[in-house]
Structures are given as structure tokens and as C-alpha cells.
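Chemist: Following this line is work_3.cif, made up of mmCIF, C-alpha atoms and all ligand atoms; chains and numbers go by the auth columns:
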```
data_structure
#
loop_
_atom_site.group_PDB
_atom_site.id
_atom_site.type_symbol
_atom_site.label_atom_id
_atom_site.label_comp_id
_atom_site.label_asym_id
_atom_site.label_seq_id
_atom_site.Cartn_x
_atom_site.Cartn_y
_atom_site.Cartn_z
_atom_site.B_iso_or_equiv
_atom_site.auth_seq_id
_atom_site.auth_asym_id
ATOM 1 C CA MET A 1 0.000 0.000 0.000 0.00 1 I
ATOM 2 C CA ILE A 2 1.304 3.420 -0.804 0.00 2 I
ATOM 3 C CA GLY A 3 0.517 6.397 1.370 0.00 3 I
ATOM 4 C CA ILE A 4 -1.387 9.249 -0.135 0.00 4 I
ATOM 5 C CA GLU A 5 0.034 12.735 0.148 0.00 5 I
ATOM 6 C CA GLY A 6 -2.532 15.095 -1.210 0.00 6 I
ATOM 7 C CA VAL A 7 -3.118 14.162 -4.780 0.00 7 I
ATOM 8 C CA VAL A 8 -0.825 11.704 -6.456 0.00 8 I
ATOM 9 C CA ASN A 9 0.341 12.502 -9.909 0.00 9 I
ATOM 10 C CA ARG A 10 0.108 10.341 -12.968 0.00 10 I
ATOM 11 C CA ARG A 11 3.709 9.238 -12.720 0.00 11 I
ATOM 12 C CA ARG A 12 3.149 7.904 -9.217 0.00 12 I
ATOM 13 C CA PHE A 13 -0.142 6.416 -10.321 0.00 13 I
ATOM 14 C CA LEU A 14 1.582 4.477 -13.047 0.00 14 I
ATOM 15 C CA ALA A 15 4.386 3.424 -10.740 0.00 15 I
ATOM 16 C CA GLY A 16 1.824 2.330 -8.139 0.00 16 I
ATOM 17 C CA ALA A 17 -0.140 0.436 -10.745 0.00 17 I
ATOM 18 C CA GLY A 18 3.046 -1.364 -11.759 0.00 18 I
ATOM 19 C CA VAL A 19 3.351 0.058 -15.255 0.00 19 I
ATOM 20 C CA ALA A 20 6.716 0.545 -16.918 0.00 20 I
ATOM 21 C CA LEU A 21 6.901 4.231 -17.722 0.00 21 I
ATOM 22 C CA SER A 22 7.392 4.725 -21.407 0.00 22 I
ATOM 23 C CA VAL A 23 4.523 6.370 -23.229 0.00 23 I
ATOM 24 C CA GLY A 24 1.549 8.514 -22.423 0.00 24 I
ATOM 25 C CA ILE A 25 3.188 10.800 -19.872 0.00 25 I
ATOM 26 C CA ALA A 26 4.507 13.747 -21.846 0.00 26 I
ATOM 27 C CA GLY A 27 2.137 16.638 -22.130 0.00 27 I
ATOM 28 C CA ARG A 28 -0.221 15.486 -19.406 0.00 28 I
ATOM 29 C CA ARG A 29 -0.797 17.916 -16.597 0.00 29 I
ATOM 30 C CA ALA A 30 0.691 16.873 -13.277 0.00 30 I
ATOM 31 C CA ALA A 31 -1.740 17.297 -10.418 0.00 31 I
ATOM 32 C CA ARG A 32 -1.060 20.106 -7.978 0.00 32 I
ATOM 33 C CA PRO A 33 -1.443 19.473 -4.246 0.00 33 I
ATOM 34 C CA THR A 34 -4.458 21.819 -4.125 0.00 34 I
ATOM 35 C CA ASP A 35 -6.403 19.908 -6.764 0.00 35 I
ATOM 36 C CA PRO A 36 -9.380 17.962 -5.420 0.00 36 I
ATOM 37 C CA VAL A 37 -9.181 14.183 -5.436 0.00 37 I
ATOM 38 C CA VAL A 38 -11.111 12.938 -8.442 0.00 38 I
ATOM 39 C CA VAL A 39 -13.157 9.754 -8.277 0.00 39 I
ATOM 40 C CA ARG A 40 -14.027 8.664 -11.805 0.00 40 I
ATOM 41 C CA VAL A 41 -16.805 6.104 -11.869 0.00 41 I
ATOM 42 C CA TRP A 42 -17.680 3.555 -14.532 0.00 42 I
ATOM 43 C CA PHE A 43 -20.867 1.475 -14.382 0.00 43 I
ATOM 44 C CA SER A 44 -21.294 -1.922 -15.986 0.00 44 I
ATOM 45 C CA GLU A 45 -24.217 -2.222 -18.412 0.00 45 I
ATOM 46 C CA ALA A 46 -26.434 -3.859 -15.778 0.00 46 I
ATOM 47 C CA ALA A 47 -25.389 -1.370 -13.088 0.00 47 I
ATOM 48 C CA ALA A 48 -26.192 1.568 -15.372 0.00 48 I
ATOM 49 C CA ALA A 49 -29.859 0.476 -15.380 0.00 49 I
ATOM 50 C CA HIS A 50 -30.240 1.537 -11.709 0.00 50 I
ATOM 51 C CA ASP A 51 -31.462 5.132 -11.712 0.00 51 I
ATOM 52 C CA SER A 52 -30.365 6.221 -8.244 0.00 52 I
ATOM 53 C CA LEU A 53 -26.961 4.553 -8.350 0.00 53 I
ATOM 54 C CA ALA A 54 -24.884 7.638 -9.223 0.00 54 I
ATOM 55 C CA ASP A 55 -26.624 9.666 -6.528 0.00 55 I
ATOM 56 C CA ARG A 56 -25.996 6.997 -3.881 0.00 56 I
ATOM 57 C CA VAL A 57 -22.352 6.452 -4.873 0.00 57 I
ATOM 58 C CA GLU A 58 -21.632 10.167 -4.733 0.00 58 I
ATOM 59 C CA GLY A 59 -23.726 10.640 -1.579 0.00 59 I
ATOM 60 C CA TYR A 60 -22.131 7.900 0.520 0.00 60 I
ATOM 61 C CA LEU A 61 -18.579 8.000 -0.792 0.00 61 I
ATOM 62 C CA GLY A 62 -18.537 11.798 -0.899 0.00 62 I
ATOM 63 C CA SER A 63 -19.759 12.060 2.706 0.00 63 I
ATOM 64 C CA ALA A 64 -17.100 9.625 3.902 0.00 64 I
ATOM 65 C CA LEU A 65 -14.211 11.246 2.005 0.00 65 I
ATOM 66 C CA GLU A 66 -15.177 14.880 2.561 0.00 66 I
ATOM 67 C CA ALA A 67 -13.851 15.176 6.120 0.00 67 I
ATOM 68 C CA PRO A 68 -10.341 13.867 5.406 0.00 68 I
ATOM 69 C CA LEU A 69 -9.890 15.076 1.819 0.00 69 I
ATOM 70 C CA GLY A 70 -11.962 18.235 1.553 0.00 70 I
ATOM 71 C CA ALA A 71 -13.519 18.625 -1.863 0.00 71 I
ATOM 72 C CA VAL A 72 -13.858 15.375 -3.753 0.00 72 I
ATOM 73 C CA GLU A 73 -14.844 15.558 -7.399 0.00 73 I
ATOM 74 C CA PHE A 74 -17.023 12.812 -8.870 0.00 74 I
ATOM 75 C CA ASP A 75 -16.939 12.162 -12.565 0.00 75 I
ATOM 76 C CA PHE A 76 -19.441 9.579 -13.829 0.00 76 I
ATOM 77 C CA VAL A 77 -18.497 8.214 -17.229 0.00 77 I
ATOM 78 C CA PRO A 78 -21.704 8.470 -19.299 0.00 78 I
ATOM 79 C CA SER A 79 -21.436 5.268 -21.332 0.00 79 I
ATOM 80 C CA PRO A 80 -21.438 1.947 -19.497 0.00 80 I
ATOM 81 C CA VAL A 81 -18.471 -0.354 -19.760 0.00 81 I
ATOM 82 C CA ALA A 82 -18.961 -3.779 -21.374 0.00 82 I
ATOM 83 C CA LEU A 83 -17.565 -6.554 -19.160 0.00 83 I
ATOM 84 C CA PRO A 84 -17.205 -10.304 -19.671 0.00 84 I
ATOM 85 C CA ALA A 85 -19.258 -10.788 -16.451 0.00 85 I
ATOM 86 C CA GLU A 86 -20.795 -8.716 -13.651 0.00 86 I
ATOM 87 C CA GLY A 87 -18.626 -10.261 -10.962 0.00 87 I
ATOM 88 C CA GLY A 88 -16.016 -12.860 -10.137 0.00 88 I
ATOM 89 C CA LYS A 89 -12.344 -12.627 -9.313 0.00 89 I
ATOM 90 C CA ARG A 90 -11.189 -12.374 -12.921 0.00 90 I
ATOM 91 C CA VAL A 91 -13.351 -9.385 -13.735 0.00 91 I
ATOM 92 C CA LEU A 92 -12.779 -7.510 -10.479 0.00 92 I
ATOM 93 C CA SER A 93 -9.113 -8.201 -9.832 0.00 93 I
ATOM 94 C CA MET A 94 -7.694 -8.700 -13.326 0.00 94 I
ATOM 95 C CA HIS A 95 -9.920 -7.429 -16.124 0.00 95 I
ATOM 96 C CA TRP A 96 -10.748 -4.029 -14.610 0.00 96 I
ATOM 97 C CA PRO A 97 -7.239 -3.147 -13.329 0.00 97 I
ATOM 98 C CA SER A 98 -5.811 -4.158 -16.724 0.00 98 I
ATOM 99 C CA ARG A 99 -8.211 -1.871 -18.545 0.00 99 I
ATOM 100 C CA VAL A 100 -7.286 1.030 -16.261 0.00 100 I
ATOM 101 C CA VAL A 101 -3.576 0.408 -16.776 0.00 101 I
ATOM 102 C CA GLU A 102 -4.036 0.120 -20.536 0.00 102 I
ATOM 103 C CA GLY A 103 -5.987 3.370 -20.471 0.00 103 I
ATOM 104 C CA ALA A 104 -3.147 5.075 -18.582 0.00 104 I
ATOM 105 C CA VAL A 105 -0.811 4.344 -21.460 0.00 105 I
ATOM 106 C CA GLY A 106 -3.338 5.471 -24.047 0.00 106 I
ATOM 107 C CA MET A 107 -4.784 2.106 -25.074 0.00 107 I
ATOM 108 C CA GLY A 108 -8.462 1.184 -25.009 0.00 108 I
ATOM 109 C CA GLY A 109 -11.432 3.343 -24.085 0.00 109 I
ATOM 110 C CA VAL A 110 -10.797 3.846 -20.368 0.00 110 I
ATOM 111 C CA ASP A 111 -9.312 7.243 -19.474 0.00 111 I
ATOM 112 C CA PRO A 112 -8.105 6.990 -15.880 0.00 112 I
ATOM 113 C CA VAL A 113 -7.565 9.742 -13.303 0.00 113 I
ATOM 114 C CA ASP A 114 -4.908 10.205 -10.625 0.00 114 I
ATOM 115 C CA GLY A 115 -7.413 9.682 -7.813 0.00 115 I
ATOM 116 C CA VAL A 116 -9.676 6.626 -7.823 0.00 116 I
ATOM 117 C CA ASN A 117 -10.829 4.688 -10.888 0.00 117 I
ATOM 118 C CA LEU A 118 -13.947 2.958 -9.629 0.00 118 I
ATOM 119 C CA LEU A 119 -15.944 0.259 -11.394 0.00 119 I
ATOM 120 C CA VAL A 120 -19.420 -0.551 -10.045 0.00 120 I
ATOM 121 C CA THR A 121 -21.093 -3.718 -11.314 0.00 121 I
ATOM 122 C CA ASP A 122 -24.378 -5.448 -10.606 0.00 122 I
ATOM 123 C CA GLY A 123 -22.682 -8.646 -9.432 0.00 123 I
ATOM 124 C CA ASP A 124 -23.868 -10.376 -6.252 0.00 124 I
ATOM 125 C CA PRO A 125 -22.088 -8.807 -3.262 0.00 125 I
ATOM 126 C CA ARG A 126 -22.870 -11.884 -1.125 0.00 126 I
ATOM 127 C CA LYS A 127 -20.409 -13.881 -3.226 0.00 127 I
ATOM 128 C CA GLN A 128 -16.671 -13.622 -2.668 0.00 128 I
ATOM 129 C CA PRO A 129 -14.846 -11.653 -3.839 0.00 129 I
ATOM 130 C CA ALA A 130 -17.420 -8.886 -3.653 0.00 130 I
ATOM 131 C CA GLY A 131 -14.846 -6.221 -4.455 0.00 131 I
ATOM 132 C CA TYR A 132 -11.204 -5.603 -5.161 0.00 132 I
ATOM 133 C CA ALA A 133 -8.711 -2.755 -4.986 0.00 133 I
ATOM 134 C CA ARG A 134 -5.145 -1.753 -5.636 0.00 134 I
ATOM 135 C CA PRO A 135 -3.630 1.752 -5.563 0.00 135 I
ATOM 136 C CA HIS A 136 -5.938 4.103 -7.537 0.00 136 I
ATOM 137 C CA VAL A 137 -8.161 1.262 -8.778 0.00 137 I
ATOM 138 C CA ALA A 138 -11.316 -0.143 -7.149 0.00 138 I
ATOM 139 C CA ALA A 139 -14.088 -2.471 -8.270 0.00 139 I
ATOM 140 C CA VAL A 140 -17.264 -3.330 -6.396 0.00 140 I
ATOM 141 C CA THR A 141 -20.349 -5.437 -7.029 0.00 141 I
ATOM 142 C CA GLY A 142 -23.777 -4.729 -5.516 0.00 142 I
ATOM 143 C CA ALA A 143 -25.058 -1.886 -7.711 0.00 143 I
ATOM 144 C CA GLY A 144 -28.716 -2.876 -7.224 0.00 144 I
ATOM 145 C CA TYR A 145 -28.310 -2.955 -3.442 0.00 145 I
ATOM 146 C CA ILE A 146 -26.462 0.373 -3.286 0.00 146 I
ATOM 147 C CA ALA A 147 -29.138 1.970 -5.492 0.00 147 I
ATOM 148 C CA ARG A 148 -31.853 0.820 -3.066 0.00 148 I
ATOM 149 C CA MET A 149 -30.264 2.551 -0.070 0.00 149 I
ATOM 150 C CA ALA A 150 -32.078 5.675 1.092 0.00 150 I
ATOM 151 C CA PRO A 151 -30.275 8.874 0.074 0.00 151 I
ATOM 152 C CA ALA A 152 -27.107 9.472 2.110 0.00 152 I
ATOM 153 C CA THR A 153 -28.501 12.701 3.590 0.00 153 I
ATOM 154 C CA GLU A 154 -31.414 10.728 5.117 0.00 154 I
ATOM 155 C CA THR A 155 -29.295 7.904 6.518 0.00 155 I
ATOM 156 C CA PRO A 156 -27.569 7.858 9.924 0.00 156 I
ATOM 157 C CA THR A 157 -23.817 7.261 9.914 0.00 157 I
ATOM 158 C CA VAL A 158 -24.280 3.920 11.719 0.00 158 I
ATOM 159 C CA VAL A 159 -26.915 1.510 10.398 0.00 159 I
ATOM 160 C CA PRO A 160 -28.042 -2.038 11.191 0.00 160 I
ATOM 161 C CA TYR A 161 -26.384 -4.751 9.116 0.00 161 I
ATOM 162 C CA SER A 162 -28.135 -5.493 5.818 0.00 162 I
ATOM 163 C CA VAL A 163 -26.890 -6.550 2.403 0.00 163 I
ATOM 164 C CA ARG A 164 -27.710 -3.075 1.122 0.00 164 I
ATOM 165 C CA ALA A 165 -25.680 -1.406 3.842 0.00 165 I
ATOM 166 C CA ALA A 166 -22.835 -3.925 3.495 0.00 166 I
ATOM 167 C CA ALA A 167 -22.634 -3.287 -0.269 0.00 167 I
ATOM 168 C CA THR A 168 -22.567 0.453 0.386 0.00 168 I
ATOM 169 C CA GLN A 169 -19.883 0.028 3.032 0.00 169 I
ATOM 170 C CA LEU A 170 -17.880 -2.140 0.610 0.00 170 I
ATOM 171 C CA LEU A 171 -17.795 0.815 -1.781 0.00 171 I
ATOM 172 C CA LEU A 172 -16.089 2.848 0.964 0.00 172 I
ATOM 173 C CA HIS A 173 -13.806 -0.088 1.834 0.00 173 I
ATOM 174 C CA GLU A 174 -12.437 -0.623 -1.675 0.00 174 I
ATOM 175 C CA CYS A 175 -12.058 3.098 -2.365 0.00 175 I
ATOM 176 C CA GLY A 176 -10.258 3.367 1.005 0.00 176 I
ATOM 177 C CA HIS A 177 -7.804 0.715 -0.207 0.00 177 I
ATOM 178 C CA ALA A 178 -7.415 2.552 -3.547 0.00 178 I
ATOM 179 C CA LEU A 179 -6.407 5.635 -1.540 0.00 179 I
ATOM 180 C CA GLY A 180 -3.867 3.721 0.549 0.00 180 I
ATOM 181 C CA LEU A 181 -5.799 2.472 3.584 0.00 181 I
ATOM 182 C CA GLY A 182 -5.530 -1.055 4.991 0.00 182 I
ATOM 183 C CA HIS A 183 -7.741 -3.137 7.252 0.00 183 I
ATOM 184 C CA GLU A 184 -5.608 -1.980 10.189 0.00 184 I
ATOM 185 C CA HIS A 185 -7.134 1.494 9.763 0.00 185 I
ATOM 186 C CA GLY A 186 -10.532 0.114 10.668 0.00 186 I
ATOM 187 C CA SER A 187 -12.215 -0.450 13.986 0.00 187 I
ATOM 188 C CA ALA A 188 -14.864 -2.684 15.461 0.00 188 I
ATOM 189 C CA ARG A 189 -16.296 -1.213 18.615 0.00 189 I
ATOM 190 C CA ARG A 190 -18.877 -2.465 21.008 0.00 190 I
ATOM 191 C CA ARG A 191 -21.711 0.016 21.367 0.00 191 I
ATOM 192 C CA ASP A 192 -24.612 -1.025 23.612 0.00 192 I
ATOM 193 C CA ASP A 193 -25.859 -4.386 22.329 0.00 193 I
ATOM 194 C CA ALA A 194 -23.964 -4.281 19.022 0.00 194 I
ATOM 195 C CA ILE A 195 -20.575 -4.413 17.431 0.00 195 I
ATOM 196 C CA VAL A 196 -20.131 -1.504 15.045 0.00 196 I
ATOM 197 C CA ALA A 197 -17.713 -2.258 12.201 0.00 197 I
ATOM 198 C CA SER A 198 -16.058 0.648 10.392 0.00 198 I
ATOM 199 C CA PRO A 199 -15.610 0.531 6.603 0.00 199 I
ATOM 200 C CA MET A 200 -12.018 -0.780 6.577 0.00 200 I
ATOM 201 C CA VAL A 201 -12.958 -3.735 8.848 0.00 201 I
ATOM 202 C CA GLY A 202 -16.465 -4.307 7.563 0.00 202 I
ATOM 203 C CA SER A 203 -17.879 -7.793 7.667 0.00 203 I
ATOM 204 C CA TYR A 204 -14.471 -9.374 8.395 0.00 204 I
ATOM 205 C CA VAL A 205 -15.157 -8.921 12.088 0.00 205 I
ATOM 206 C CA TRP A 206 -17.955 -11.505 11.760 0.00 206 I
ATOM 207 C CA ALA A 207 -16.165 -13.805 9.317 0.00 207 I
ATOM 208 C CA PRO A 208 -15.167 -17.387 10.180 0.00 208 I
ATOM 209 C CA ASP A 209 -11.922 -17.533 12.206 0.00 209 I
ATOM 210 C CA HIS A 210 -9.621 -18.518 9.339 0.00 210 I
ATOM 211 C CA VAL A 211 -10.835 -15.628 7.163 0.00 211 I
ATOM 212 C CA ARG A 212 -10.794 -13.180 10.032 0.00 212 I
ATOM 213 C CA GLU A 213 -7.252 -14.149 11.018 0.00 213 I
ATOM 214 C CA ASN A 214 -6.012 -13.694 7.443 0.00 214 I
ATOM 215 C CA GLN A 215 -7.580 -10.285 7.088 0.00 215 I
ATOM 216 C CA LEU A 216 -7.398 -8.654 10.510 0.00 216 I
ATOM 217 C CA ALA A 217 -4.384 -8.291 12.748 0.00 217 I
ATOM 218 C CA ASP A 218 -4.965 -8.634 16.491 0.00 218 I
ATOM 219 C CA GLU A 219 -4.882 -4.888 16.818 0.00 219 I
ATOM 220 C CA SER A 220 -5.735 -1.988 14.551 0.00 220 I
ATOM 221 C CA ALA A 221 -3.231 0.742 13.673 0.00 221 I
ATOM 222 C CA CYS A 222 -5.192 2.870 16.123 0.00 222 I
ATOM 223 C CA GLY A 223 -4.218 0.563 18.972 0.00 223 I
ATOM 224 C CA GLU A 224 -7.629 -1.015 19.432 0.00 224 I
ATOM 225 C CA SER A 225 -8.279 -4.722 19.573 0.00 225 I
ATOM 226 C CA PHE A 226 -11.074 -6.138 17.462 0.00 226 I
ATOM 227 C CA PRO A 227 -13.831 -7.643 19.624 0.00 227 I
ATOM 228 C CA ARG A 228 -15.065 -11.168 18.925 0.00 228 I
ATOM 229 C CA ASP A 229 -18.446 -11.754 17.392 0.00 229 I
ATOM 230 C CA SER A 230 -19.650 -13.172 20.699 0.00 230 I
ATOM 231 C CA ALA A 231 -19.065 -9.838 22.463 0.00 231 I
ATOM 232 C CA ALA A 232 -22.450 -8.447 21.379 0.00 232 I
ATOM 233 C CA PRO A 233 -25.504 -9.906 19.645 0.00 233 I
ATOM 234 C CA ASN A 234 -26.215 -7.241 17.019 0.00 234 I
ATOM 235 C CA ARG A 235 -24.305 -6.125 13.954 0.00 235 I
ATOM 236 C CA ARG A 236 -24.053 -2.549 12.785 0.00 236 I
ATOM 237 C CA LEU A 237 -22.070 -0.887 10.044 0.00 237 I
ATOM 238 C CA ALA A 238 -20.496 2.565 10.146 0.00 238 I
ATOM 239 C CA LEU A 239 -20.614 4.596 6.958 0.00 239 I
ATOM 240 C CA ARG A 240 -17.758 6.907 7.974 0.00 240 I
ATOM 241 C CA PHE A 241 -14.063 6.082 8.238 0.00 241 I
ATOM 242 C CA THR A 242 -12.418 5.998 11.672 0.00 242 I
ATOM 243 C CA ASP A 243 -10.391 9.013 12.886 0.00 243 I
ATOM 244 C CA CYS A 244 -7.331 6.856 12.361 0.00 244 I
ATOM 245 C CA ALA A 245 -8.238 6.166 8.725 0.00 245 I
ATOM 246 C CA GLU A 246 -9.078 9.836 8.168 0.00 246 I
ATOM 247 C CA GLN A 247 -5.660 10.843 9.496 0.00 247 I
ATOM 248 C CA ALA A 248 -3.980 8.389 7.153 0.00 248 I
ATOM 249 C CA LEU A 249 -5.960 9.804 4.213 0.00 249 I
ATOM 250 C CA ARG A 250 -5.017 13.428 4.923 0.00 250 I
HETATM 251 ZN ZN ZN B . -10.001 -5.090 2.116 0.00 301 I
#
```
Go through the file and emit its structure as C-alpha cells.
Ligand SMILES: [Zn+2]

Modeler:
Amino acid sequence: MIGIEGVVNRRRFLAGAGVALSVGIAGRRAARPTDPVVVRVWFSEAAAAHDSLADRVEGYLGSALEAPLGAVEFDFVPSPVALPAEGGKRVLSMHWPSRVVEGAVGMGGVDPVDGVNLLVTDGDPRKQPAGYARPHVAAVTGAGYIARMAPATETPTVVPYSVRAAATQLLLHECGHALGLGHEHGSARRRDDAIVASPMVGSYVWAPDHVRENQLADESACGESFPRDSAAPNRRLALRFTDCAEQALR
């Protein structure tokens, strides 16, 4: 994971994405530290059929990123992207990152930005992997669920667990990774009768032991330990990053 210092420029983007620098750099404007972070969003063909999707993506992701990053600019690409499938490891972790990297060197129809290049598909977020990220690139399934969330302005920052809310939180999780955050920047806190998982921990706190142990260290970077599932009966999801994650994003 690379840290993010303001806005990363295209050269660092390419280096982070593992591209040999040869073509496509000259003449492009390098980002200045005062430029807002740009999140460019592509929808799959099936995702593009959900009317409220763009509003929900901008509402929830914008609200979560606003505090640490200030102005965040959303740029929704008007034409949907044709994919071999709406989900699955190949599409999320190989096909999409390859298309972004190809676009960065001037090949193909994807024109990436220095901030986050986000793909949203209508794949089933209950199937693993539900999302994927690497520096500056994120892909998530669950478009239909995200679109059915109430508008962000009408939703509390902590909500009961549901597939809709988990898909929305996954959007924050993968974009957090794309901006340099890890699972150690998350928290799971006991509040009353529930465990509240922050976006960078998400559902891992309730995962089977072998998954949980692979994904979560014993302690977060903020010095908190992650409670066990048995610590509280109810599950809630936070739709804002932890203070620790926000500091890392700044
Ligand atoms: Zn993750």
C-alpha cells in the first residue's frame, strides 16, 4: 500500500499500478497538491440500469471522504463499460485493473484519473470476492443494493447490518484501499448491544476464524483490539471512516 500525500500525480499512479513508464506521460498535466481528489466512476451495463446509483455512490462515498480530503470531485463516465461478467475474481481483480492500466498508457477506451478509478457492477455482493482494490483502482459489485439505499442525507452514519448497507460500506472499503488504507485502519467497537464495524474492517469482524485471522491483525493501527463476534448480539455498520483512517488519508 502506498501512502497518499494530497493528490498523487500520474507518474506515481503508473508506478503504483506497476506500469513501466514509457509512453503517455509527456504533455499530461501533473496534479497540484491543491487539486481535489477525483473519483471517476464507470458502471457496468447492468449497473447503469439503476437510476439512483450515481446519486448513492456520490452521496455515501462523498460524505465519507469529505472530512479527510476536503472537496472530492465525482466524474461519472456516461457510457457503461462492457464486461465479460458482472462479478467474479477475474473481472474484479484482473480485467478491470488491466483496462485502467491500458488506459493510462493510451490504449483502449478507459481514461483513468490520478485519484480513484472505480468500477461498479451489478454482481452479487454476497459472493466472494465482492470487491477488489489496488492503488488508484477499485471495483465493487452490488449496484442494485447500493441503489436501493435511502439517500445518504437521510441515513444515519451507523446503520443495522443489511446486504444493502454492506454493499454500500464495501464501496467505501475498496475506495479506502485505492487511496492507501488497509484493514488496520478500521475499527470494530462495542456500542450497547452491538458491534459496530467501520468501513475498513467491515464484515471481516464476523467472518469465520480462518478468514478473520487472514484479514485482521490482532490490533488496529489505532491501537484497538477487534472484539469477537460473541461480544455483542447485534451487527451494525459505520458509513464513515475511523479518525485513524481519516488521518492516514489526509
Ligand atoms: Zn479489504

Chemist: Using Å and a single decimal, report how far CA of Phe76 in chain I sits from CA of Gly108 in chain I.

Modeler: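 Between CA of Gly108 in chain I and CA of Phe76 in chain I the gap works out to 17.8 Å.
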
Chemist: Which protein, DNA or RNA residues have an atom within 12 Å of ligand ZN 301 (chain I), counting only C-alpha atoms and all ligand atoms, as a PyMOL selection string?

Modeler: chain I and resi 1+128-134+138-140+169-186+198-205+211-212+214-216

Chemist: May I ask which of the residues I:Asp229, I:Glu66, I:Asp51, I:Glu58 is the closest one to Arg250 in chain I, counting only C-alpha atoms?

Modeler: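 Of I:Asp229, I:Glu66, I:Asp51, I:Glu58, the one nearest Arg250 in chain I, counting only C-alpha atoms, is I:Glu66.
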
Chemist: CA of Pro80 in chain I and CA of Glu45 in chain I, how far apart in Å?

Modeler: 5.1 Å

Chemist: Any chance you could resolve the PyMOL selection byres (((chain I and resi 231) around 12) and not hetatm) against this file and give the residues as a ChimeraX atom specification?

Modeler: /I:188-196,205-206,226-230,232-235

Chemist: Tell me, in Å to one decimal, how far CA of Val77 in chain I is from CA of Asp111 in chain I.

Modeler: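 Between these atoms lies a distance of 9.5 Å.
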